[in-house]
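Engineer: Provided herewith: input_35.pdb, PDB, C-alpha atoms.
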```
ATOM      1  CA  MET A1388       5.901  -3.650 -15.427
ATOM      2  CA  ILE A1389       4.534  -4.607 -18.759
ATOM      3  CA  GLY A1390       3.168  -1.788 -20.810
ATOM      4  CA  VAL A1391       4.731   0.995 -18.756
ATOM      5  CA  GLY A1392       7.183   1.945 -21.474
ATOM      6  CA  LYS A1393       4.473   1.900 -24.082
ATOM      7  CA  ILE A1394       4.139   4.923 -26.294
ATOM      8  CA  LYS A1395       1.199   7.138 -25.376
ATOM      9  CA  GLN A1396      -1.651   6.698 -27.782
ATOM     10  CA  TYR A1397      -2.815   9.893 -29.398
ATOM     11  CA  SER A1398      -6.356  10.020 -30.657
ATOM     12  CA  ASN A1399      -5.439  12.676 -33.171
ATOM     13  CA  VAL A1400      -2.366  12.222 -35.346
ATOM     14  CA  LEU A1401      -1.756  15.975 -35.334
ATOM     15  CA  ASP A1402      -1.265  15.980 -31.537
ATOM     16  CA  LYS A1403       1.570  13.524 -31.832
ATOM     17  CA  PRO A1404       4.981  15.156 -31.514
ATOM     18  CA  LEU A1405       7.128  14.853 -34.632
ATOM     19  CA  SER A1406       9.654  12.101 -34.040
ATOM     20  CA  LYS A1407      13.358  12.767 -34.241
ATOM     21  CA  GLY A1408      13.445  10.139 -36.928
ATOM     22  CA  LYS A1409      15.816   7.257 -37.162
ATOM     23  CA  GLN A1410      19.174   8.735 -37.982
ATOM     24  CA  GLU A1411      20.703   5.973 -40.029
ATOM     25  CA  VAL A1412      19.871   4.378 -43.333
ATOM     26  CA  SER A1413      21.927   1.602 -44.907
ATOM     27  CA  LEU A1414      24.444   3.172 -47.260
ATOM     28  CA  SER A1415      24.396   0.148 -49.540
ATOM     29  CA  ALA A1416      20.627   0.248 -49.832
ATOM     30  CA  PHE A1417      20.768   3.917 -50.686
ATOM     31  CA  ALA A1418      23.612   3.423 -53.171
ATOM     32  CA  PHE A1419      21.718   0.709 -55.047
ATOM     33  CA  LEU A1420      18.509   2.745 -55.059
ATOM     34  CA  PHE A1421      20.295   5.842 -56.294
ATOM     35  CA  SER A1422      22.076   3.797 -58.938
ATOM     36  CA  GLU A1423      18.725   2.503 -60.172
ATOM     37  CA  LEU A1424      17.325   6.034 -60.166
ATOM     38  CA  VAL A1425      20.137   7.183 -62.429
ATOM     39  CA  GLN A1426      19.828   4.131 -64.678
ATOM     40  CA  TYR A1427      16.080   4.505 -65.035
ATOM     41  CA  ASN A1428      16.298   8.177 -65.860
ATOM     42  CA  GLN A1429      19.057   7.471 -68.343
ATOM     43  CA  THR A1430      16.619   5.403 -70.371
ATOM     44  CA  GLN A1431      14.127   8.272 -70.407
ATOM     45  CA  VAL A1432      16.308  11.000 -71.890
ATOM     46  CA  ASP A1433      17.934  11.803 -75.225
ATOM     47  CA  ASN A1434      21.119  13.411 -73.975
ATOM     48  CA  ILE A1435      23.260  13.600 -70.891
ATOM     49  CA  SER A1436      22.679  17.229 -70.059
ATOM     50  CA  GLU A1437      18.936  16.576 -69.922
ATOM     51  CA  LEU A1438      19.573  13.737 -67.475
ATOM     52  CA  GLU A1439      21.665  16.015 -65.298
ATOM     53  CA  ARG A1440      19.756  19.279 -65.579
ATOM     54  CA  SER A1441      16.179  18.179 -65.471
ATOM     55  CA  ARG A1442      15.876  14.569 -64.375
ATOM     56  CA  LEU A1443      18.266  14.280 -61.430
ATOM     57  CA  GLU A1444      17.817  17.867 -60.375
ATOM     58  CA  ASP A1445      14.040  17.593 -60.315
ATOM     59  CA  ALA A1446      14.222  14.410 -58.268
ATOM     60  CA  GLY A1447      16.369  16.293 -55.775
ATOM     61  CA  TYR A1448      14.116  19.351 -55.820
ATOM     62  CA  ALA A1449      11.200  17.327 -54.476
ATOM     63  CA  VAL A1450      13.400  16.026 -51.667
ATOM     64  CA  GLY A1451      14.631  19.529 -50.825
ATOM     65  CA  ALA A1452      11.156  21.016 -50.580
ATOM     66  CA  ARG A1453      10.115  18.291 -48.139
ATOM     67  CA  VAL A1454      13.300  18.452 -46.101
ATOM     68  CA  LEU A1455      12.846  22.186 -45.530
ATOM     69  CA  GLU A1456       9.314  21.695 -44.307
ATOM     70  CA  LEU A1457      10.272  18.874 -41.983
ATOM     71  CA  LEU A1458      13.323  20.556 -40.503
ATOM     72  CA  CYS A1459      11.659  23.891 -39.929
ATOM     73  CA  HIS A1460       8.944  22.102 -38.040
ATOM     74  CA  ARG A1461      11.219  19.756 -36.145
ATOM     75  CA  ASP A1462      14.192  21.925 -35.263
ATOM     76  CA  LYS A1463      13.146  25.511 -35.509
ATOM     77  CA  GLY A1464       9.670  25.648 -34.029
ATOM     78  CA  ASN A1465       8.061  26.352 -37.394
ATOM     79  CA  ARG A1466      10.210  29.352 -38.129
ATOM     80  CA  ARG A1467      12.350  29.634 -41.213
ATOM     81  CA  GLU A1468      15.378  31.661 -42.113
ATOM     82  CA  MET A1469      14.785  34.988 -43.814
ATOM     83  CA  ARG A1470      18.328  36.161 -44.334
ATOM     84  CA  LEU A1471      20.669  34.959 -47.042
ATOM     85  CA  LEU A1472      23.496  33.845 -44.786
ATOM     86  CA  GLY A1473      21.029  32.268 -42.387
ATOM     87  CA  ILE A1474      19.508  30.017 -45.002
ATOM     88  CA  LEU A1475      22.919  29.162 -46.438
ATOM     89  CA  SER A1476      24.287  28.032 -43.112
ATOM     90  CA  PHE A1477      21.023  26.162 -42.527
ATOM     91  CA  VAL A1478      21.663  24.222 -45.748
ATOM     92  CA  HIS A1479      25.356  23.787 -45.034
ATOM     93  CA  SER A1480      24.921  22.462 -41.516
ATOM     94  CA  THR A1481      21.370  21.410 -40.577
ATOM     95  CA  VAL A1482      20.251  19.978 -43.918
ATOM     96  CA  TRP A1483      23.598  18.344 -44.626
ATOM     97  CA  LYS A1484      23.695  16.780 -41.183
ATOM     98  CA  VAL A1485      20.236  15.265 -41.516
ATOM     99  CA  LEU A1486      20.834  13.971 -45.040
ATOM    100  CA  PHE A1487      24.495  12.952 -44.965
ATOM    101  CA  GLY A1488      25.317  12.673 -41.269
ATOM    102  CA  LYS A1489      27.901  15.431 -41.365
ATOM    103  CA  VAL A1490      28.308  19.128 -41.956
ATOM    104  CA  ALA A1491      29.429  20.044 -45.489
ATOM    105  CA  ASP A1492      33.184  20.532 -45.848
ATOM    106  CA  SER A1493      33.042  24.204 -46.730
ATOM    107  CA  LEU A1494      30.759  27.112 -47.565
ATOM    108  CA  GLU A1495      32.341  29.940 -49.505
ATOM    109  CA  LYS A1496      31.323  33.089 -51.278
ATOM    110  CA  GLY A1497      32.210  33.268 -54.961
ATOM    111  CA  THR A1498      35.093  35.610 -55.645
ATOM    112  CA  GLU A1499      34.005  36.782 -59.078
ATOM    113  CA  HIS A1500      30.298  37.345 -58.587
ATOM    114  CA  GLU A1501      28.412  38.801 -55.660
ATOM    115  CA  ASP A1502      25.458  36.462 -56.095
ATOM    116  CA  GLU A1503      27.380  33.188 -56.087
ATOM    117  CA  TYR A1504      28.029  30.876 -53.178
ATOM    118  CA  MET A1505      29.699  27.487 -53.133
ATOM    119  CA  ILE A1506      29.275  24.450 -50.933
ATOM    120  CA  SER A1507      32.190  22.067 -51.389
ATOM    121  CA  GLU A1508      32.427  18.464 -50.394
ATOM    122  CA  LYS A1509      35.558  16.339 -50.660
ATOM    123  CA  GLU A1510      33.564  13.229 -51.328
ATOM    124  CA  LEU A1511      29.874  13.682 -51.899
ATOM    125  CA  LEU A1512      27.910  10.754 -50.501
ATOM    126  CA  VAL A1513      25.983  10.135 -53.725
ATOM    127  CA  ASN A1514      29.244  10.021 -55.688
ATOM    128  CA  ARG A1515      31.063   7.655 -53.383
ATOM    129  CA  PHE A1516      30.646   4.562 -55.557
ATOM    130  CA  ILE A1517      30.171   6.238 -58.919
ATOM    131  CA  SER A1518      32.834   6.436 -61.626
ATOM    132  CA  ILE A1519      31.848   8.637 -64.543
ATOM    133  CA  PRO A1520      32.824   7.088 -67.908
ATOM    134  CA  LYS A1521      35.261   9.187 -69.933
ATOM    135  CA  ASP A1522      32.783   9.780 -72.743
ATOM    136  CA  MET A1523      30.307  11.494 -70.426
ATOM    137  CA  GLY A1524      32.594  14.460 -69.869
ATOM    138  CA  THR A1525      31.699  16.708 -66.973
ATOM    139  CA  PHE A1526      28.535  14.894 -65.978
ATOM    140  CA  ASN A1527      28.102  14.824 -62.194
ATOM    141  CA  CYS A1528      25.534  12.820 -60.247
ATOM    142  CA  GLY A1529      25.817  15.545 -57.616
ATOM    143  CA  ALA A1530      23.103  17.205 -59.717
ATOM    144  CA  PHE A1531      20.733  15.340 -57.403
ATOM    145  CA  VAL A1532      22.192  17.124 -54.387
ATOM    146  CA  ALA A1533      22.180  20.409 -56.297
ATOM    147  CA  GLY A1534      18.462  19.786 -56.826
ATOM    148  CA  ILE A1535      17.969  19.257 -53.093
ATOM    149  CA  VAL A1536      19.689  22.564 -52.367
ATOM    150  CA  ARG A1537      17.577  24.316 -54.994
ATOM    151  CA  GLY A1538      14.451  22.755 -53.498
ATOM    152  CA  VAL A1539      15.281  24.025 -50.016
ATOM    153  CA  LEU A1540      16.222  27.520 -51.202
ATOM    154  CA  ASP A1541      13.299  27.894 -53.570
ATOM    155  CA  SER A1542      10.751  26.778 -51.001
ATOM    156  CA  ALA A1543      12.251  29.135 -48.439
ATOM    157  CA  GLY A1544      11.823  32.047 -50.835
ATOM    158  CA  PHE A1545      15.347  32.265 -52.178
ATOM    159  CA  PRO A1546      15.064  31.286 -55.838
ATOM    160  CA  ALA A1547      18.436  30.274 -57.243
ATOM    161  CA  VAL A1548      20.132  28.303 -59.959
ATOM    162  CA  VAL A1549      22.121  25.468 -58.431
ATOM    163  CA  THR A1550      24.613  23.287 -60.276
ATOM    164  CA  ALA A1551      27.123  20.609 -59.325
ATOM    165  CA  HIS A1552      30.684  20.568 -60.644
ATOM    166  CA  PHE A1553      33.812  18.497 -60.263
ATOM    167  CA  VAL A1554      36.777  20.594 -59.197
ATOM    168  CA  PRO A1555      40.234  19.008 -59.344
ATOM    169  CA  VAL A1556      42.245  19.283 -56.147
ATOM    170  CA  GLU A1557      46.012  19.504 -56.209
ATOM    171  CA  GLY A1558      47.730  16.416 -54.853
ATOM    172  CA  GLN A1559      44.485  14.440 -54.831
ATOM    173  CA  GLN A1560      43.571  11.663 -57.199
ATOM    174  CA  ARG A1561      39.876  12.446 -57.056
ATOM    175  CA  PRO A1562      38.248  15.792 -57.715
ATOM    176  CA  ARG A1563      35.966  17.301 -55.123
ATOM    177  CA  THR A1564      32.384  18.276 -55.838
ATOM    178  CA  THR A1565      31.304  21.879 -55.613
ATOM    179  CA  ILE A1566      27.659  22.882 -55.459
ATOM    180  CA  LEU A1567      27.430  26.313 -57.072
ATOM    181  CA  ILE A1568      24.514  28.478 -55.963
ATOM    182  CA  LYS A1569      23.604  31.521 -58.047
ATOM    183  CA  PHE A1570      20.815  33.531 -56.461
ATOM    184  CA  ALA A1571      18.169  35.358 -58.456
ATOM    185  CA  GLU A1572      18.443  39.129 -58.616
ATOM    186  CA  GLU A1573      15.356  39.753 -56.485
ATOM    187  CA  VAL A1574      16.944  37.892 -53.575
ATOM    188  CA  LEU A1575      19.938  40.209 -53.511
ATOM    189  CA  VAL A1576      17.760  43.297 -53.880
ATOM    190  CA  ARG A1577      15.677  42.197 -50.908
ATOM    191  CA  GLU A1578      18.768  41.340 -48.913
ATOM    192  CA  ALA A1579      20.197  44.804 -49.542
ATOM    193  CA  ARG A1580      16.939  46.399 -48.404
ATOM    194  CA  LEU A1581      16.982  44.402 -45.181
ATOM    195  CA  GLY A1582      20.443  45.821 -44.567
TER     196      GLY A1582
ATOM    197  CA  MET B 679      59.168  -9.617 -54.917
ATOM    198  CA  ALA B 680      55.933  -9.852 -56.760
ATOM    199  CA  ALA B 681      53.780 -12.286 -54.874
ATOM    200  CA  ILE B 682      50.759 -11.855 -57.110
ATOM    201  CA  TYR B 683      51.186 -12.405 -60.835
ATOM    202  CA  SER B 684      47.747 -11.548 -62.141
ATOM    203  CA  LEU B 685      44.080 -11.111 -61.313
ATOM    204  CA  TYR B 686      41.099 -12.221 -63.393
ATOM    205  CA  ILE B 687      37.379 -11.656 -62.996
ATOM    206  CA  ILE B 688      35.054 -13.699 -65.191
ATOM    207  CA  ASN B 689      31.300 -13.377 -65.531
ATOM    208  CA  LYS B 690      28.845 -16.218 -65.151
ATOM    209  CA  SER B 691      29.107 -17.263 -68.779
ATOM    210  CA  GLY B 692      32.891 -17.449 -68.762
ATOM    211  CA  GLY B 693      33.693 -14.125 -70.400
ATOM    212  CA  LEU B 694      36.659 -12.195 -69.079
ATOM    213  CA  ILE B 695      35.450  -8.899 -67.647
ATOM    214  CA  PHE B 696      38.587  -7.800 -65.837
ATOM    215  CA  TYR B 697      42.262  -8.649 -66.162
ATOM    216  CA  LYS B 698      45.270  -7.069 -64.537
ATOM    217  CA  ASP B 699      48.833  -8.283 -64.229
ATOM    218  CA  TYR B 700      51.407  -7.304 -61.658
ATOM    219  CA  GLY B 701      55.059  -7.533 -62.620
ATOM    220  CA  SER B 702      56.548  -9.273 -65.619
ATOM    221  CA  ALA B 703      56.180 -12.899 -64.512
ATOM    222  CA  GLY B 704      53.269 -14.710 -66.092
ATOM    223  CA  ARG B 705      52.229 -11.772 -68.254
ATOM    224  CA  MET B 706      49.872 -12.637 -71.064
ATOM    225  CA  ASP B 707      48.488 -10.873 -74.103
ATOM    226  CA  THR B 708      44.783 -10.173 -74.475
ATOM    227  CA  ASN B 709      43.976 -13.308 -76.444
ATOM    228  CA  ASP B 710      45.764 -15.582 -74.015
ATOM    229  CA  SER B 711      44.095 -14.036 -71.003
ATOM    230  CA  LEU B 712      40.668 -14.487 -72.617
ATOM    231  CA  ARG B 713      41.561 -18.098 -73.325
ATOM    232  CA  VAL B 714      42.715 -18.740 -69.766
ATOM    233  CA  ALA B 715      39.506 -17.221 -68.452
ATOM    234  CA  SER B 716      37.158 -19.381 -70.492
ATOM    235  CA  LEU B 717      39.348 -22.440 -69.954
ATOM    236  CA  TRP B 718      39.208 -21.945 -66.219
ATOM    237  CA  HIS B 719      35.463 -21.404 -66.368
ATOM    238  CA  SER B 720      34.960 -24.770 -68.094
ATOM    239  CA  MET B 721      37.419 -26.614 -65.874
ATOM    240  CA  HIS B 722      35.698 -25.215 -62.831
ATOM    241  CA  ALA B 723      32.325 -26.424 -64.091
ATOM    242  CA  ILE B 724      33.677 -29.880 -64.930
ATOM    243  CA  SER B 725      35.341 -30.197 -61.527
ATOM    244  CA  GLN B 726      31.989 -29.562 -59.908
ATOM    245  CA  GLN B 727      30.432 -32.445 -61.836
ATOM    246  CA  LEU B 728      33.307 -34.872 -61.299
ATOM    247  CA  SER B 729      33.735 -34.285 -57.590
ATOM    248  CA  PRO B 730      32.770 -37.268 -55.404
ATOM    249  CA  THR B 731      31.580 -34.982 -52.608
ATOM    250  CA  VAL B 732      27.987 -33.811 -52.678
ATOM    251  CA  GLY B 733      27.437 -30.075 -53.120
ATOM    252  CA  CYS B 734      30.973 -29.359 -54.292
ATOM    253  CA  SER B 735      31.457 -25.733 -55.310
ATOM    254  CA  GLY B 736      34.352 -26.299 -57.720
ATOM    255  CA  ILE B 737      38.115 -25.867 -57.557
ATOM    256  CA  GLU B 738      39.290 -23.350 -55.008
ATOM    257  CA  LEU B 739      43.042 -23.836 -55.289
ATOM    258  CA  LEU B 740      45.217 -25.158 -58.082
ATOM    259  CA  GLU B 741      48.834 -25.788 -57.099
ATOM    260  CA  ALA B 742      51.435 -26.057 -59.842
ATOM    261  CA  ASP B 743      55.219 -26.082 -59.757
ATOM    262  CA  THR B 744      55.565 -22.474 -60.759
ATOM    263  CA  PHE B 745      52.355 -20.878 -59.558
ATOM    264  CA  ASP B 746      49.282 -21.151 -57.330
ATOM    265  CA  LEU B 747      45.819 -20.289 -58.600
ATOM    266  CA  HIS B 748      43.253 -19.270 -55.995
ATOM    267  CA  CYS B 749      39.640 -19.019 -57.090
ATOM    268  CA  PHE B 750      36.602 -17.542 -55.402
ATOM    269  CA  GLN B 751      33.120 -17.865 -56.834
ATOM    270  CA  SER B 752      30.412 -15.476 -55.707
ATOM    271  CA  LEU B 753      26.808 -16.575 -55.212
ATOM    272  CA  THR B 754      25.836 -15.104 -58.573
ATOM    273  CA  GLY B 755      28.461 -17.089 -60.447
ATOM    274  CA  THR B 756      31.044 -14.384 -60.979
ATOM    275  CA  LYS B 757      34.498 -15.894 -60.478
ATOM    276  CA  PHE B 758      37.534 -14.086 -59.121
ATOM    277  CA  PHE B 759      40.923 -15.709 -59.369
ATOM    278  CA  VAL B 760      44.506 -14.727 -58.710
ATOM    279  CA  VAL B 761      47.622 -16.380 -60.039
ATOM    280  CA  CYS B 762      50.463 -16.020 -57.559
ATOM    281  CA  GLU B 763      53.829 -17.323 -56.442
ATOM    282  CA  PRO B 764      53.620 -20.857 -54.947
ATOM    283  CA  GLY B 765      52.845 -20.792 -51.254
ATOM    284  CA  THR B 766      51.656 -17.181 -51.066
ATOM    285  CA  PRO B 767      49.463 -16.992 -47.953
ATOM    286  CA  HIS B 768      46.166 -15.157 -47.283
ATOM    287  CA  MET B 769      44.935 -15.199 -50.854
ATOM    288  CA  GLU B 770      41.405 -16.205 -49.827
ATOM    289  CA  SER B 771      41.047 -13.085 -47.746
ATOM    290  CA  LEU B 772      42.460 -10.956 -50.547
ATOM    291  CA  LEU B 773      39.875 -12.405 -52.922
ATOM    292  CA  LYS B 774      37.147 -11.552 -50.425
ATOM    293  CA  VAL B 775      38.445  -7.992 -50.263
ATOM    294  CA  ILE B 776      38.426  -7.779 -54.067
ATOM    295  CA  TYR B 777      34.873  -9.146 -54.134
ATOM    296  CA  GLU B 778      33.867  -6.444 -51.673
ATOM    297  CA  LEU B 779      35.427  -3.778 -53.872
ATOM    298  CA  TYR B 780      33.578  -5.233 -56.857
ATOM    299  CA  THR B 781      30.226  -5.040 -55.095
ATOM    300  CA  ASP B 782      30.917  -1.487 -53.959
ATOM    301  CA  TYR B 783      32.530   0.232 -56.901
ATOM    302  CA  VAL B 784      31.244  -1.801 -59.815
ATOM    303  CA  LEU B 785      27.757  -2.975 -58.914
ATOM    304  CA  LYS B 786      26.723   0.317 -57.281
ATOM    305  CA  ASN B 787      27.896   2.285 -60.283
ATOM    306  CA  PRO B 788      24.910   3.231 -62.457
ATOM    307  CA  PHE B 789      27.097   3.357 -65.573
ATOM    308  CA  TYR B 790      28.244  -0.255 -65.340
ATOM    309  CA  GLU B 791      26.412  -2.765 -67.472
ATOM    310  CA  MET B 792      26.130  -6.206 -65.926
ATOM    311  CA  GLU B 793      28.364  -8.952 -67.378
ATOM    312  CA  MET B 794      30.312  -6.393 -69.422
ATOM    313  CA  PRO B 795      34.018  -5.535 -69.060
ATOM    314  CA  ILE B 796      34.718  -3.465 -65.964
ATOM    315  CA  ARG B 797      35.848   0.076 -66.638
ATOM    316  CA  CYS B 798      35.413   1.925 -63.368
ATOM    317  CA  GLU B 799      38.011   4.401 -62.200
ATOM    318  CA  LEU B 800      37.143   4.013 -58.517
ATOM    319  CA  PHE B 801      37.423   0.241 -58.708
ATOM    320  CA  ASP B 802      40.922   0.527 -60.218
ATOM    321  CA  ILE B 803      42.038   3.008 -57.567
ATOM    322  CA  HIS B 804      40.810   0.936 -54.643
ATOM    323  CA  LEU B 805      42.066  -2.314 -56.140
ATOM    324  CA  THR B 806      45.574  -0.902 -56.494
ATOM    325  CA  GLN B 807      45.414   0.211 -52.874
ATOM    326  CA  ALA B 808      44.242  -3.213 -51.696
ATOM    327  CA  ILE B 809      46.984  -5.063 -53.595
ATOM    328  CA  GLN B 810      49.602  -2.644 -52.301
ATOM    329  CA  LYS B 811      48.391  -3.085 -48.747
ATOM    330  CA  ASP B 812      48.561  -6.842 -49.196
ATOM    331  CA  ARG B 813      52.147  -6.599 -50.438
ATOM    332  CA  VAL B 814      53.199  -4.381 -47.544
ATOM    333  CA  ALA B 815      51.614  -6.812 -45.116
ATOM    334  CA  LEU B 816      53.486  -9.648 -46.811
ATOM    335  CA  LEU B 817      56.824  -7.869 -46.501
ATOM    336  CA  GLY B 818      56.131  -7.146 -42.878
ATOM    337  CA  ARG B 819      55.687 -10.793 -42.005
TER     338      ARG B 819
END
```
Would you encode the structure as structure tokens?

Structural biologist:
Amino acid sequence: MIGVGKIKQYSNVLDKPLSKGKQEVSLSAFAFLFSELVQYNQTQVDNISELERSRLEDAGYAVGARVLELLCHRDKGNRREMRLLGILSFVHSTVWKVLFGKVADSLEKGTEHEDEYMISEKELLVNRFISIPKDMGTFNCGAFVAGIVRGVLDSAGFPAVVTAHFVPVEGQQRPRTTILIKFAEEVLVREARLG
Amino acid sequence: MAAIYSLYIINKSGGLIFYKDYGSAGRMDTNDSLRVASLWHSMHAISQQLSPTVGCSGIELLEADTFDLHCFQSLTGTKFFVVCEPGTPHMESLLKVIYELYTDYVLKNPFYEMEMPIRCELFDIHLTQAIQKDRVALLGR
């Protein structure tokens, strides 16, 4: 019958259940858009570290803040993680899955410092088509993803400094990307109090 | 057996933006390769004008005694051509694969400037893989 499968009309937009969202976006479309984002921001800065630290990271931060809000509402019945490991595994699995279609390759605790955690990815989606010129040194477009992680953590009440680094892997031509998360002192103090 | 002698990519104004040779046969120095590139660009353009067929897209294959030259022109005017041993099969599909690699690893790279020489690590890596795969497939036949 015609019209049976029609979506129910809600008079108030707030009554409408939040859709699961379409899961797939064209990778090419994203790659071109991201490429333009980097190129545009490159024209706006004086040096590379500014492009990495403030421009790309800030762009990611805005994404992260929104992603947290959306996912908490959609998947967790408006509750958010309060514990350190909880929010980290939320980033590592839930956020990664929604953004990149897969769980991140690994989540590790830093060996040297108590407040450092690392999310590693063999081939970060944003870096898939990007070759960094030799003269740009350690520049990593993963700064955008680092910004997303910082956005999620900061909005959830876990302020942290997040950076992206290339780490060479033995026997591999390409280095992997590690997102280094360094939590603020207050987070660890609170975590210790919670026990 | 080196089936492919060399690969050229030229931009829409005839400038050489990528050159790579495989094996010693047909190797050229920088000046010669630049000359071949712009020569081919002009010949290609002239062939389009001289062709009796309407809507001709230029030379696709040049057969000589000692080599074959296969050319593929993209919609934007970038030309890809390989010089190979006479009678080497499946070069059209190889050129398509190379074009695909170009669109992926060169055009989606924010640090590549259009129409400039290609210096992209990922493009080199994947190109080497593609050529190798093509050679293995050739040996297998």

Engineer: If you apply the PyMOL selection byres ((chain B and resi 681) around 12) to this file, what residues do you get, as a PyMOL selection string?

Structural biologist: chain B and resi 679-680+682-685+699-704+744-747+760-769+809-810+812-817

Engineer: Could you work out which residues of chain B fall inside 7 Å of chain A? Count all atoms listed in the file, and format the result as a list in words.

Structural biologist: Asp782, Tyr783, Lys786, Asn787, Pro788, Cys798, Glu799 and Leu800 of chain B

Engineer: Give me the residues within 12 Å of A:Gly1447 as a list in words, counting all atoms listed in the file and dropping any in the same chain fewer than 6 places off.

Structural biologist: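 The filter keeps Phe1421, Leu1424, Val1425, Glu1439, Arg1440, Ser1441, Arg1453, Val1454, Leu1486, Val1513, Cys1528, Gly1529, Ala1530, Phe1531, Val1532, Ala1533, Gly1534, Ile1535, Val1536, Arg1537, Gly1538, Val1539, Val1549 and Thr1550 of chain A.
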
Engineer: Can you translate the PyMOL selection byres ((chain A and resi 1492) around 8) into the concrete residues it hits in this file, as a list in words?

Structural biologist: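 Selected by the PyMOL selection byres ((chain A and resi 1492) around 8) here: Val1490, Ala1491, Ser1493, Leu1494, Ile1506, Ser1507, Glu1508 and Lys1509 of chain A.
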
Engineer: Quick one: pull the distance between atom CA of A:Ile1566 and atom CA of A:Tyr1504, Å, one decimal.

Structural biologist: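 For atom CA of A:Ile1566 relative to atom CA of A:Tyr1504, the distance reads 8.3 Å.
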
Engineer: Which distance in Å separates atom CA of A:Gly1582 and atom CA of A:Lys1484, to one decimal?

Structural biologist: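 Separating atom CA of A:Gly1582 from atom CA of A:Lys1484 is a distance of 29.4 Å.
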
Engineer: Write out as a ChimeraX atom specification the residues lying within 8 Å of stretch 709-726 of chain B, counting only C-alpha atoms and excluding same-chain residues fewer than 6 positions away.

Structural biologist: /B:686,688,691-694,697,734-737

Engineer: So the first atom is atom CA of A:Glu1557 and the second is atom CA of B:Ile803; what is the distance between them in Å, to one decimal place?

Structural biologist: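 Answer for the atom CA of A:Glu1557 to atom CA of B:Ile803 separation: 17.0 Å.
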
Engineer: Using all atoms listed in the file, which protein or nucleic acid residues come within 9 Å of B:Glu770? Drop anything in the same chain fewer than 3 positions from it, and give the result as an MDAnalysis selection string.

Structural biologist: chainID B and resid 748:750 767 773:775

Engineer: I need the chosen residues saved as a PDB file, keeping the file's coordinate frame, with C-alpha atoms.

Structural biologist:
```pdb
ATOM      1  CA  HIS B 748      43.253 -19.270 -55.995  1.00  0.00           C
ATOM      2  CA  CYS B 749      39.640 -19.019 -57.090  1.00  0.00           C
ATOM      3  CA  PHE B 750      36.602 -17.542 -55.402  1.00  0.00           C
ATOM      4  CA  PRO B 767      49.463 -16.992 -47.953  1.00  0.00           C
ATOM      5  CA  LEU B 773      39.875 -12.405 -52.922  1.00  0.00           C
ATOM      6  CA  LYS B 774      37.147 -11.552 -50.425  1.00  0.00           C
ATOM      7  CA  VAL B 775      38.445  -7.992 -50.263  1.00  0.00           C
TER       8      VAL B 775
END
```

Engineer: Tell me which of B:Ile695, B:Leu740, B:Leu785, B:Ala808 sits closest to B:Leu772, counting all atoms listed in the file.

Structural biologist: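 Nearest candidate to B:Leu772 out of B:Ile695, B:Leu740, B:Leu785, B:Ala808: B:Ala808.
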
Engineer: For B:Ser752, which residue among B:Met706, B:Ile687, B:Met794, B:Val732 is the nearest when counting all atoms listed in the file?

Structural biologist: B:Ile687

Engineer: Quick one: residues within 12 Å of B:Thr754, only C-alpha atoms, excluding same-chain residues fewer than 5 positions away - as a PyMOL selection string?

Structural biologist: chain B and resi 688-691+777+781+792-793

Engineer: Nearest residue to A:Arg1563 out of A:Glu1444, A:Glu1456, A:Glu1468, A:Glu1510, using only C-alpha atoms?

Structural biologist: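 For A:Arg1563, the nearest of the given residues is A:Glu1510.
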
Engineer: Of the residues A:Leu1475, A:Val1450, A:Leu1455, A:Asn1434, which is the one nearest to A:Ser1542, using all atoms listed in the file?

Structural biologist: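 Smallest distance to A:Ser1542 is found for A:Leu1455.
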